[in-house]
>>> print(open('entry.csv').read())   # CSV, C-alpha atoms
chain,number,residue,atom,x,y,z
A,1374,MET,CA,18.0,8.5,-23.6
A,1375,GLN,CA,17.0,11.6,-21.7
A,1376,LEU,CA,13.3,10.7,-22.2
A,1377,PHE,CA,14.1,7.1,-21.1
A,1378,PHE,CA,15.7,8.1,-17.9
A,1379,GLN,CA,13.0,10.7,-17.2
A,1380,ASN,CA,10.4,8.0,-17.5
A,1381,LEU,CA,12.5,5.6,-15.4
A,1382,ILE,CA,12.5,8.1,-12.5
A,1383,ASN,CA,8.7,8.6,-12.9
A,1384,ALA,CA,8.2,4.8,-13.0
A,1385,LEU,CA,10.2,4.4,-9.8
A,1386,GLN,CA,8.0,6.9,-8.0
A,1387,TRP,CA,4.8,5.3,-9.4
A,1388,GLY,CA,5.9,1.8,-8.6
A,1389,SER,CA,6.6,2.8,-5.0
A,1390,PHE,CA,2.9,3.5,-4.4
A,1391,TYR,CA,1.8,0.2,-5.9
A,1392,ALA,CA,4.5,-1.8,-4.0
A,1393,LEU,CA,3.6,-0.3,-0.6
A,1394,ILE,CA,-0.1,-0.9,-1.0
A,1395,ALA,CA,0.5,-4.4,-2.5
A,1396,LEU,CA,2.4,-5.4,0.6
A,1397,GLY,CA,-0.8,-5.2,2.7
A,1398,TYR,CA,-2.7,-7.3,0.3
A,1399,SER,CA,0.0,-9.9,0.1
A,1400,MET,CA,0.6,-10.3,3.9
A,1401,VAL,CA,-3.1,-10.7,4.7
A,1402,TYR,CA,-3.6,-13.2,2.0
A,1403,GLY,CA,-0.4,-15.1,2.8
A,1404,ILE,CA,-1.3,-15.6,6.5
A,1405,LEU,CA,-5.1,-15.6,6.5
A,1406,MET,CA,-5.8,-16.8,3.0
A,1407,LEU,CA,-8.3,-14.0,2.4
A,1408,PHE,CA,-8.3,-10.9,0.2
A,1409,ASN,CA,-8.8,-7.7,2.1
A,1410,PHE,CA,-10.7,-5.8,-0.6
A,1411,ALA,CA,-11.1,-2.8,1.8
A,1412,HIS,CA,-7.3,-2.3,1.7
A,1413,GLY,CA,-7.5,0.2,-1.1
A,1414,ASP,CA,-9.9,2.3,0.9
A,1415,ILE,CA,-7.6,2.1,3.9
A,1416,PHE,CA,-4.9,3.6,1.7
A,1417,MET,CA,-7.4,6.5,1.1
A,1418,VAL,CA,-8.2,6.8,4.8
A,1419,GLY,CA,-4.5,6.9,5.5
A,1420,ALA,CA,-4.0,9.8,3.1
A,1421,TYR,CA,-6.9,11.7,4.7
A,1422,ILE,CA,-5.5,11.0,8.2
A,1423,GLY,CA,-2.2,12.3,7.0
A,1424,PHE,CA,-4.0,15.4,5.7
A,1425,GLY,CA,-5.4,16.0,9.2
A,1426,VAL,CA,-2.1,15.4,10.9
A,1427,ALA,CA,-0.1,17.6,8.5
A,1428,THR,CA,-2.7,20.4,8.7
A,1429,GLY,CA,-2.6,20.3,12.5
A,1430,LEU,CA,1.2,20.2,12.8
A,1431,THR,CA,1.6,23.0,10.1
A,1432,ALA,CA,-0.9,25.2,12.0
A,1433,LEU,CA,1.0,24.7,15.3
A,1434,ALA,CA,4.3,25.5,13.6
A,1435,ALA,CA,2.8,28.7,12.1
A,1436,MET,CA,1.6,29.8,15.5
A,1437,GLY,CA,5.0,29.2,17.0
A,1438,ALA,CA,3.9,26.3,19.2
A,1439,LEU,CA,6.1,23.9,17.3
A,1440,ALA,CA,9.6,25.1,16.3
A,1441,LEU,CA,10.3,22.3,14.0
A,1442,PRO,CA,11.9,22.2,10.5
A,1443,SER,CA,9.6,21.1,7.6
A,1444,TRP,CA,11.3,17.7,7.2
A,1445,VAL,CA,10.7,16.9,10.9
A,1446,ILE,CA,7.0,17.8,10.4
A,1447,LEU,CA,7.0,15.5,7.4
A,1448,VAL,CA,8.5,12.6,9.3
A,1449,LEU,CA,6.1,13.1,12.2
A,1450,THR,CA,3.1,13.2,9.7
A,1451,ILE,CA,4.1,9.9,8.2
A,1452,LEU,CA,4.8,8.2,11.6
A,1453,ILE,CA,1.7,9.4,13.3
A,1454,SER,CA,-0.5,8.7,10.3
A,1455,MET,CA,0.9,5.1,10.0
A,1456,PHE,CA,0.2,4.6,13.7
A,1457,LEU,CA,-3.4,5.9,13.6
A,1458,THR,CA,-4.2,4.0,10.4
A,1459,SER,CA,-2.9,0.8,11.8
A,1460,PHE,CA,-5.7,1.0,14.3
A,1461,VAL,CA,-8.2,1.4,11.4
A,1462,GLY,CA,-6.8,-1.8,9.9
A,1463,MET,CA,-7.0,-3.7,13.3
A,1464,LEU,CA,-10.6,-2.5,13.7
A,1465,VAL,CA,-11.5,-3.7,10.2
A,1466,GLU,CA,-10.0,-7.1,11.1
A,1467,ARG,CA,-11.8,-7.3,14.4
A,1468,ILE,CA,-15.2,-6.3,13.3
A,1469,GLY,CA,-15.3,-7.3,9.7
A,1470,TYR,CA,-13.1,-10.4,9.2
A,1471,ARG,CA,-12.7,-12.2,12.5
A,1472,PRO,CA,-16.3,-13.3,12.8
A,1473,LEU,CA,-16.1,-14.7,9.2
A,1474,ARG,CA,-12.8,-16.5,9.6
A,1475,GLU,CA,-14.3,-19.9,9.1
A,1476,ALA,CA,-17.0,-18.7,6.7
A,1477,PRO,CA,-16.8,-19.3,2.9
A,1478,ARG,CA,-14.2,-17.1,1.2
A,1479,ALA,CA,-17.0,-15.3,-0.8
A,1480,SER,CA,-18.5,-14.0,2.4
A,1481,ALA,CA,-15.2,-12.4,3.5
A,1482,ALA,CA,-14.7,-11.0,0.0
A,1483,ILE,CA,-18.1,-9.4,0.0
A,1484,THR,CA,-17.5,-8.1,3.5
A,1485,GLY,CA,-14.3,-6.4,2.3
A,1486,LEU,CA,-16.2,-4.7,-0.5
A,1487,MET,CA,-18.8,-3.5,1.9
A,1488,ILE,CA,-16.2,-2.2,4.4
A,1489,GLY,CA,-14.6,-0.2,1.5
A,1490,ILE,CA,-18.0,1.4,0.7
A,1491,ILE,CA,-18.5,2.3,4.3
A,1492,LEU,CA,-15.1,4.0,4.5
A,1493,GLU,CA,-15.8,5.9,1.3
A,1494,THR,CA,-19.3,6.9,2.4
A,1495,GLY,CA,-18.1,7.9,5.8
A,1496,ASN,CA,-15.4,10.1,4.3
A,1497,LEU,CA,-18.1,11.8,2.1
A,1498,ALA,CA,-20.4,12.3,5.1
A,1499,ILE,CA,-17.7,13.8,7.2
A,1500,LEU,CA,-15.7,15.9,4.7
A,1501,GLY,CA,-18.1,16.2,1.8
A,1502,ALA,CA,-17.6,15.3,-1.9
A,1503,GLN,CA,-15.1,18.1,-2.7
A,1504,ARG,CA,-11.5,17.4,-3.2
A,1505,ILE,CA,-9.0,18.7,-0.7
A,1506,ARG,CA,-5.4,19.9,-1.2
A,1507,PHE,CA,-2.7,18.3,0.9
A,1508,PRO,CA,-0.5,20.8,2.7
A,1509,SER,CA,2.9,21.5,1.1
A,1510,LEU,CA,5.2,20.1,3.8
A,1511,ILE,CA,8.5,20.5,1.9
A,1512,LYS,CA,9.5,23.0,-0.8
A,1513,SER,CA,10.0,21.4,-4.2
A,1514,THR,CA,13.5,21.7,-5.7
A,1515,THR,CA,14.3,20.5,-9.2
A,1516,TYR,CA,17.7,19.1,-10.1
A,1517,ASP,CA,18.9,19.0,-13.7
A,1518,LEU,CA,21.0,15.8,-14.2
A,1519,GLY,CA,22.2,16.1,-17.8
A,1520,GLY,CA,18.7,17.0,-19.1
A,1521,VAL,CA,16.9,14.6,-16.8
A,1522,PHE,CA,14.8,16.6,-14.3
A,1523,VAL,CA,14.5,15.1,-10.8
A,1524,THR,CA,12.7,16.8,-7.9
A,1525,ASN,CA,13.6,16.3,-4.2
A,1526,LYS,CA,10.1,15.0,-3.7
A,1527,LYS,CA,10.6,12.2,-6.1
A,1528,ILE,CA,13.9,11.2,-4.5
A,1529,MET,CA,12.3,11.3,-1.1
A,1530,ILE,CA,9.3,9.2,-2.1
A,1531,VAL,CA,11.4,6.5,-3.6
A,1532,VAL,CA,13.9,6.5,-0.7
A,1533,VAL,CA,11.2,6.4,2.0
A,1534,SER,CA,9.4,3.6,0.2
A,1535,LEU,CA,12.5,1.5,-0.1
A,1536,VAL,CA,13.4,2.1,3.6
A,1537,LEU,CA,9.9,1.0,4.7
A,1538,MET,CA,10.1,-2.1,2.5
A,1539,LEU,CA,13.5,-3.1,3.9
A,1540,ALA,CA,12.2,-2.4,7.4
A,1541,LEU,CA,9.3,-4.7,6.9
A,1542,ASN,CA,11.5,-7.4,5.5
A,1543,GLU,CA,13.8,-7.2,8.5
A,1544,PHE,CA,10.9,-7.3,10.9
A,1545,ILE,CA,9.5,-10.4,9.2
A,1546,ARG,CA,12.9,-12.1,9.1
A,1547,ARG,CA,14.5,-11.2,12.4
A,1548,THR,CA,11.8,-10.6,15.1
A,1549,ARG,CA,9.8,-13.1,17.1
A,1550,TRP,CA,6.5,-11.8,15.8
A,1551,GLY,CA,7.8,-11.9,12.2
A,1552,MET,CA,8.8,-15.5,12.7
A,1553,ALA,CA,5.3,-16.2,14.0
A,1554,MET,CA,3.8,-14.6,10.9
A,1555,ARG,CA,6.0,-16.7,8.6
A,1556,ALA,CA,5.0,-19.8,10.5
A,1557,MET,CA,1.3,-19.0,10.2
A,1558,ALA,CA,1.7,-18.4,6.5
A,1559,PHE,CA,3.3,-21.8,6.2
A,1560,ASP,CA,0.6,-23.7,8.1
A,1561,TYR,CA,-2.5,-21.9,9.2
A,1562,VAL,CA,-4.0,-24.9,10.9
A,1563,VAL,CA,-1.2,-26.5,12.9
A,1564,ILE,CA,0.8,-23.4,14.1
A,1565,PRO,CA,-2.1,-22.1,16.4
A,1566,LEU,CA,-2.1,-25.5,18.1
A,1567,MET,CA,1.5,-24.9,19.0
A,1568,GLY,CA,0.7,-21.8,21.0
A,1569,VAL,CA,1.0,-19.0,18.4
A,1570,PRO,CA,-2.0,-16.6,19.1
A,1571,LEU,CA,-3.9,-16.4,15.8
A,1572,ASN,CA,-5.9,-13.4,16.7
A,1573,THR,CA,-2.8,-11.4,17.7
A,1574,ILE,CA,-1.0,-12.3,14.5
A,1575,ALA,CA,-4.0,-11.4,12.4
A,1576,SER,CA,-4.3,-8.0,14.1
A,1577,LEU,CA,-0.6,-7.4,13.7
A,1578,THR,CA,-0.8,-8.3,10.0
A,1579,PHE,CA,-3.6,-5.9,9.4
A,1580,ALA,CA,-1.9,-3.2,11.4
A,1581,LEU,CA,1.4,-3.5,9.4
A,1582,GLY,CA,-0.4,-3.5,6.1
A,1583,SER,CA,-2.6,-0.5,7.0
A,1584,GLY,CA,0.4,1.4,8.2
A,1585,LEU,CA,2.3,0.9,5.0
A,1586,ALA,CA,-0.9,1.9,3.1
A,1587,ALA,CA,-1.0,5.1,5.1
A,1588,ALA,CA,2.6,5.8,4.2
A,1589,ALA,CA,1.8,5.2,0.5
A,1590,GLY,CA,-1.2,7.6,0.9
A,1591,ILE,CA,0.9,10.4,2.3
A,1592,LEU,CA,3.6,9.9,-0.3
A,1593,PHE,CA,1.0,9.9,-3.0
A,1594,ALA,CA,-0.5,13.1,-1.6
A,1595,ILE,CA,2.9,14.8,-1.6
A,1596,ALA,CA,3.4,13.9,-5.3
A,1597,TYR,CA,-0.2,14.6,-6.3
A,1598,PRO,CA,-1.6,16.9,-3.6
A,1599,VAL,CA,-5.3,16.7,-4.5
A,1600,LEU,CA,-7.1,14.1,-2.5
A,1601,ASP,CA,-10.3,12.4,-3.6
A,1602,PRO,CA,-12.5,10.0,-1.6
A,1603,TYR,CA,-12.3,7.5,-4.4
A,1604,ILE,CA,-8.5,7.3,-4.9
A,1605,GLY,CA,-8.5,4.0,-3.1
A,1606,ILE,CA,-10.6,2.2,-5.7
A,1607,ILE,CA,-8.3,2.8,-8.7
A,1608,TYR,CA,-4.9,2.4,-7.1
A,1609,GLY,CA,-6.1,-0.2,-4.6
A,1610,TRP,CA,-7.3,-2.6,-7.3
A,1611,LYS,CA,-4.1,-2.1,-9.3
A,1612,ALA,CA,-2.0,-2.9,-6.2
A,1613,PHE,CA,-4.1,-6.0,-5.7
A,1614,VAL,CA,-3.1,-7.1,-9.2
A,1615,ALA,CA,0.5,-6.5,-8.2
A,1616,ALA,CA,0.1,-8.6,-5.0
A,1617,ILE,CA,-1.3,-11.5,-7.1
A,1618,LEU,CA,1.5,-11.2,-9.6
A,1619,GLY,CA,4.2,-11.2,-6.8
A,1620,GLY,CA,2.9,-14.5,-5.3
A,1621,ARG,CA,1.1,-15.5,-2.1
A,1622,GLY,CA,2.6,-13.8,1.0
A,1623,SER,CA,5.8,-12.8,-0.7
A,1624,ILE,CA,7.2,-9.4,0.4
A,1625,LYS,CA,9.8,-9.3,-2.3
A,1626,GLY,CA,7.3,-10.5,-4.9
A,1627,ALA,CA,4.8,-7.7,-4.0
A,1628,CYS,CA,7.6,-5.1,-4.2
A,1629,LEU,CA,8.9,-6.4,-7.5
A,1630,ALA,CA,5.4,-6.7,-9.0
A,1631,GLY,CA,4.5,-3.2,-7.8
A,1632,PHE,CA,7.5,-1.6,-9.4
A,1633,LEU,CA,6.9,-3.7,-12.6
A,1634,LEU,CA,3.4,-2.5,-12.9
A,1635,GLY,CA,4.5,1.1,-12.4
A,1636,PHE,CA,7.2,0.7,-15.0
A,1637,ILE,CA,4.7,-0.8,-17.5
A,1638,GLU,CA,2.2,1.9,-17.0
A,1639,ILE,CA,4.7,4.8,-17.3
A,1640,PHE,CA,6.5,3.5,-20.3
A,1641,VAL,CA,3.4,2.4,-22.2
A,1642,GLY,CA,1.9,5.9,-21.5
A,1643,ALA,CA,5.1,7.5,-22.7
A,1644,TYR,CA,5.5,5.7,-26.0
A,1645,MET,CA,1.9,4.8,-26.9
A,1646,PRO,CA,-1.6,6.3,-26.6
A,1647,SER,CA,-2.7,6.6,-23.1
A,1648,THR,CA,-6.1,5.1,-24.0
A,1649,VAL,CA,-4.4,1.7,-24.4
A,1650,ARG,CA,-2.2,1.9,-21.4
A,1651,ASP,CA,-4.2,-0.3,-19.0
A,1652,LEU,CA,-5.0,-2.7,-21.9
A,1653,ILE,CA,-1.4,-3.3,-22.6
A,1654,ALA,CA,-0.3,-3.3,-19.0
A,1655,TYR,CA,-2.8,-5.9,-17.9
A,1656,SER,CA,-2.2,-8.0,-21.1
A,1657,ILE,CA,1.4,-8.2,-20.1
A,1658,ILE,CA,0.5,-9.2,-16.6
A,1659,LEU,CA,-2.0,-11.8,-17.9
A,1660,LEU,CA,0.7,-13.2,-20.1
A,1661,ILE,CA,3.1,-13.5,-17.2
A,1662,LEU,CA,0.5,-15.3,-15.1
A,1663,VAL,CA,-0.2,-17.8,-17.9
A,1664,PHE,CA,3.4,-19.0,-17.5
A,1665,ARG,CA,3.7,-18.2,-13.8
A,1666,PRO,CA,0.2,-18.9,-12.4
A,1667,HIS,CA,1.3,-18.6,-8.8
A,1668,GLY,CA,3.1,-15.3,-9.3
A,1669,PHE,CA,6.8,-14.6,-9.2
A,1670,PHE,CA,7.5,-16.2,-5.8
A,1671,GLY,CA,4.3,-18.1,-5.1
A,1672,GLU,CA,4.4,-21.8,-4.2
A,1673,PRO,CA,2.5,-24.3,-6.4
A,1674,HIS,CA,0.7,-25.9,-3.4
A,1675,SER,CA,-0.6,-22.5,-2.1
A,1676,ALA,CA,-3.7,-22.6,-4.3
A,1677,LYS,CA,-5.0,-25.7,-2.5
A,1678,LEU,CA,-4.9,-24.2,1.0
A,1679,ARG,CA,-8.2,-23.4,2.7
A,1680,LEU,CA,-10.3,-23.5,-0.5
>>> encode(input="entry.csv", output="structure tokens")
Amino acid sequence: MQLFFQNLINALQWGSFYALIALGYSMVYGILMLFNFAHGDIFMVGAYIGFGVATGLTALAAMGALALPSWVILVLTILISMFLTSFVGMLVERIGYRPLREAPRASAAITGLMIGIILETGNLAILGAQRIRFPSLIKSTTYDLGGVFVTNKKIMIVVVSLVLMLALNEFIRRTRWGMAMRAMAFDYVVIPLMGVPLNTIASLTFALGSGLAAAAGILFAIAYPVLDPYIGIIYGWKAFVAAILGGRGSIKGACLAGFLLGFIEIFVGAYMPSTVRDLIAYSIILLILVFRPHGFFGEPHSAKLRL
């Protein structure tokens, strides 16, 4: 039982990363009916922007220019990085996707892949190929709960992730812009004719998704503080799978599927050879999609829209 609960905590942390990244995929696909294949690399960019912000704030604090406790520096790092990365997402939408909005879906997909390569190559050109270590913003403390070891970082990662997910859900449900996003997801063709600005909603969607990806990047860097220019490829594609499993445009579906994928990977790796972890995880997902082809909360008619 101790091993089970230990793995359960690890799975909650791992699933938090997938869920936050999957939300960006799901929102863009739900509203614009395109897959932003550059989203995984925006997750990477957000982590590196967080590295720059955290390094700068830490240096200012060390020089005495900022008399702030470490947790305030962490909060500022997350918020500033989300804000800056949201502009990266808006730029990707404006330059890469908006001119191709009425083009075949394959053109937009290829564009997303190319944008991802540009972001990776740009990172390599600016910072080099070496891995960098994320600054330690908070001191790690381990709690022994009846033989189950939990760190304050794991608790913080899960709590912050859940708060961001709930905040996004409340924004979508209760604000005017959120209502416009839901309306656009319901009918992409008619809603703009009623006065809803399509370009503004598209930019807002990319900004929100990119901000959440940046938060996931920083939380990932806190848990695993060595950053690599290619982290967006592996975790981005897995989060994409979670977004598909959750259903088109479903926030709760993306969150549920992200945590489910994290649970499957952690528990399969704990009780079976790690070499078959991905095989078993994606076999389970494939089996679910056989019986739920539109995902957990996807609508049956959604596959016919704009295809």
>>> closest_atom_pairs(input="entry.csv", of="range 1525-1608 of chain A", to="range 1613-1618 of chain A", cutoff="12 Å", atoms="only C-alpha atoms", output="JSON lines")
{"residue": "A:Gly1605", "atom": "CA", "partner": "A:Phe1613", "partner_atom": "CA", "distance": 11.2}
{"residue": "A:Ile1606", "atom": "CA", "partner": "A:Phe1613", "partner_atom": "CA", "distance": 10.5}
{"residue": "A:Ile1607", "atom": "CA", "partner": "A:Phe1613", "partner_atom": "CA", "distance": 10.2}
{"residue": "A:Tyr1608", "atom": "CA", "partner": "A:Phe1613", "partner_atom": "CA", "distance": 8.6}
>>> closest_residue(input="entry.csv", among="A:Ile1483, A:Ala1596, A:Leu1634, A:Ile1545", to="Met1400 in chain A", atoms="only C-alpha atoms")
A:Ile1545
>>> closest_residue(input="entry.csv", among="A:Val1465, A:Ile1661, A:Val1445, A:Met1417", to="Thr1494 in chain A", atoms="all atoms listed in the file")
A:Met1417
>>> closest_residue(input="entry.csv", among="A:Ala1440, A:Ile1415, A:Ala1575, A:Leu1449", to="Arg1471 in chain A", atoms="only C-alpha atoms")
A:Ala1575
>>> atom_distance(input="entry.csv", atom1="CA of Asp1414 in chain A", atom2="CA of Arg1504 in chain A")
15.7 Å
>>> residues_around(input="entry.csv", residues="Ala1588 in chain A", least_positions_apart="6", cutoff="8 Å", atoms="all atoms listed in the file", output="ChimeraX atom specification")
/A:1393,1419-1420,1451,1454-1455
>>> residues_around(input="entry.csv", residues="range 1529-1538 of chain A", least_positions_apart="6", cutoff="7 Å", atoms="all atoms listed in the file", output="list in words")
Leu1385, Gln1386, Ser1389 and Leu1592 of chain A
>>> closest_residue(input="entry.csv", among="A:Met1645, A:Leu1539, A:Ile1505, A:Ile1488", to="Asn1409 in chain A", atoms="all atoms listed in the file")
A:Ile1488
>>> closest_residue(input="entry.csv", among="A:Asn1496, A:Ser1647, A:Thr1578, A:Ser1583", to="Tyr1402 in chain A", atoms="only C-alpha atoms")
A:Thr1578
>>> closest_residue(input="entry.csv", among="A:Ile1639, A:Ala1438, A:Ala1556, A:Ile1604", to="Gly1489 in chain A", atoms="only C-alpha atoms")
A:Ile1604
>>> residues_around(input="entry.csv", residues="Ile1574 in chain A", least_positions_apart="6", cutoff="10 Å", atoms="all atoms listed in the file", output="number ranges by chain")
A: 1404-1405, 1550-1551, 1553-1554, 1557, 1580
>>> atom_distance(input="entry.csv", atom1="CA of Met1436 in chain A", atom2="CA of Asp1601 in chain A")
28.4 Å
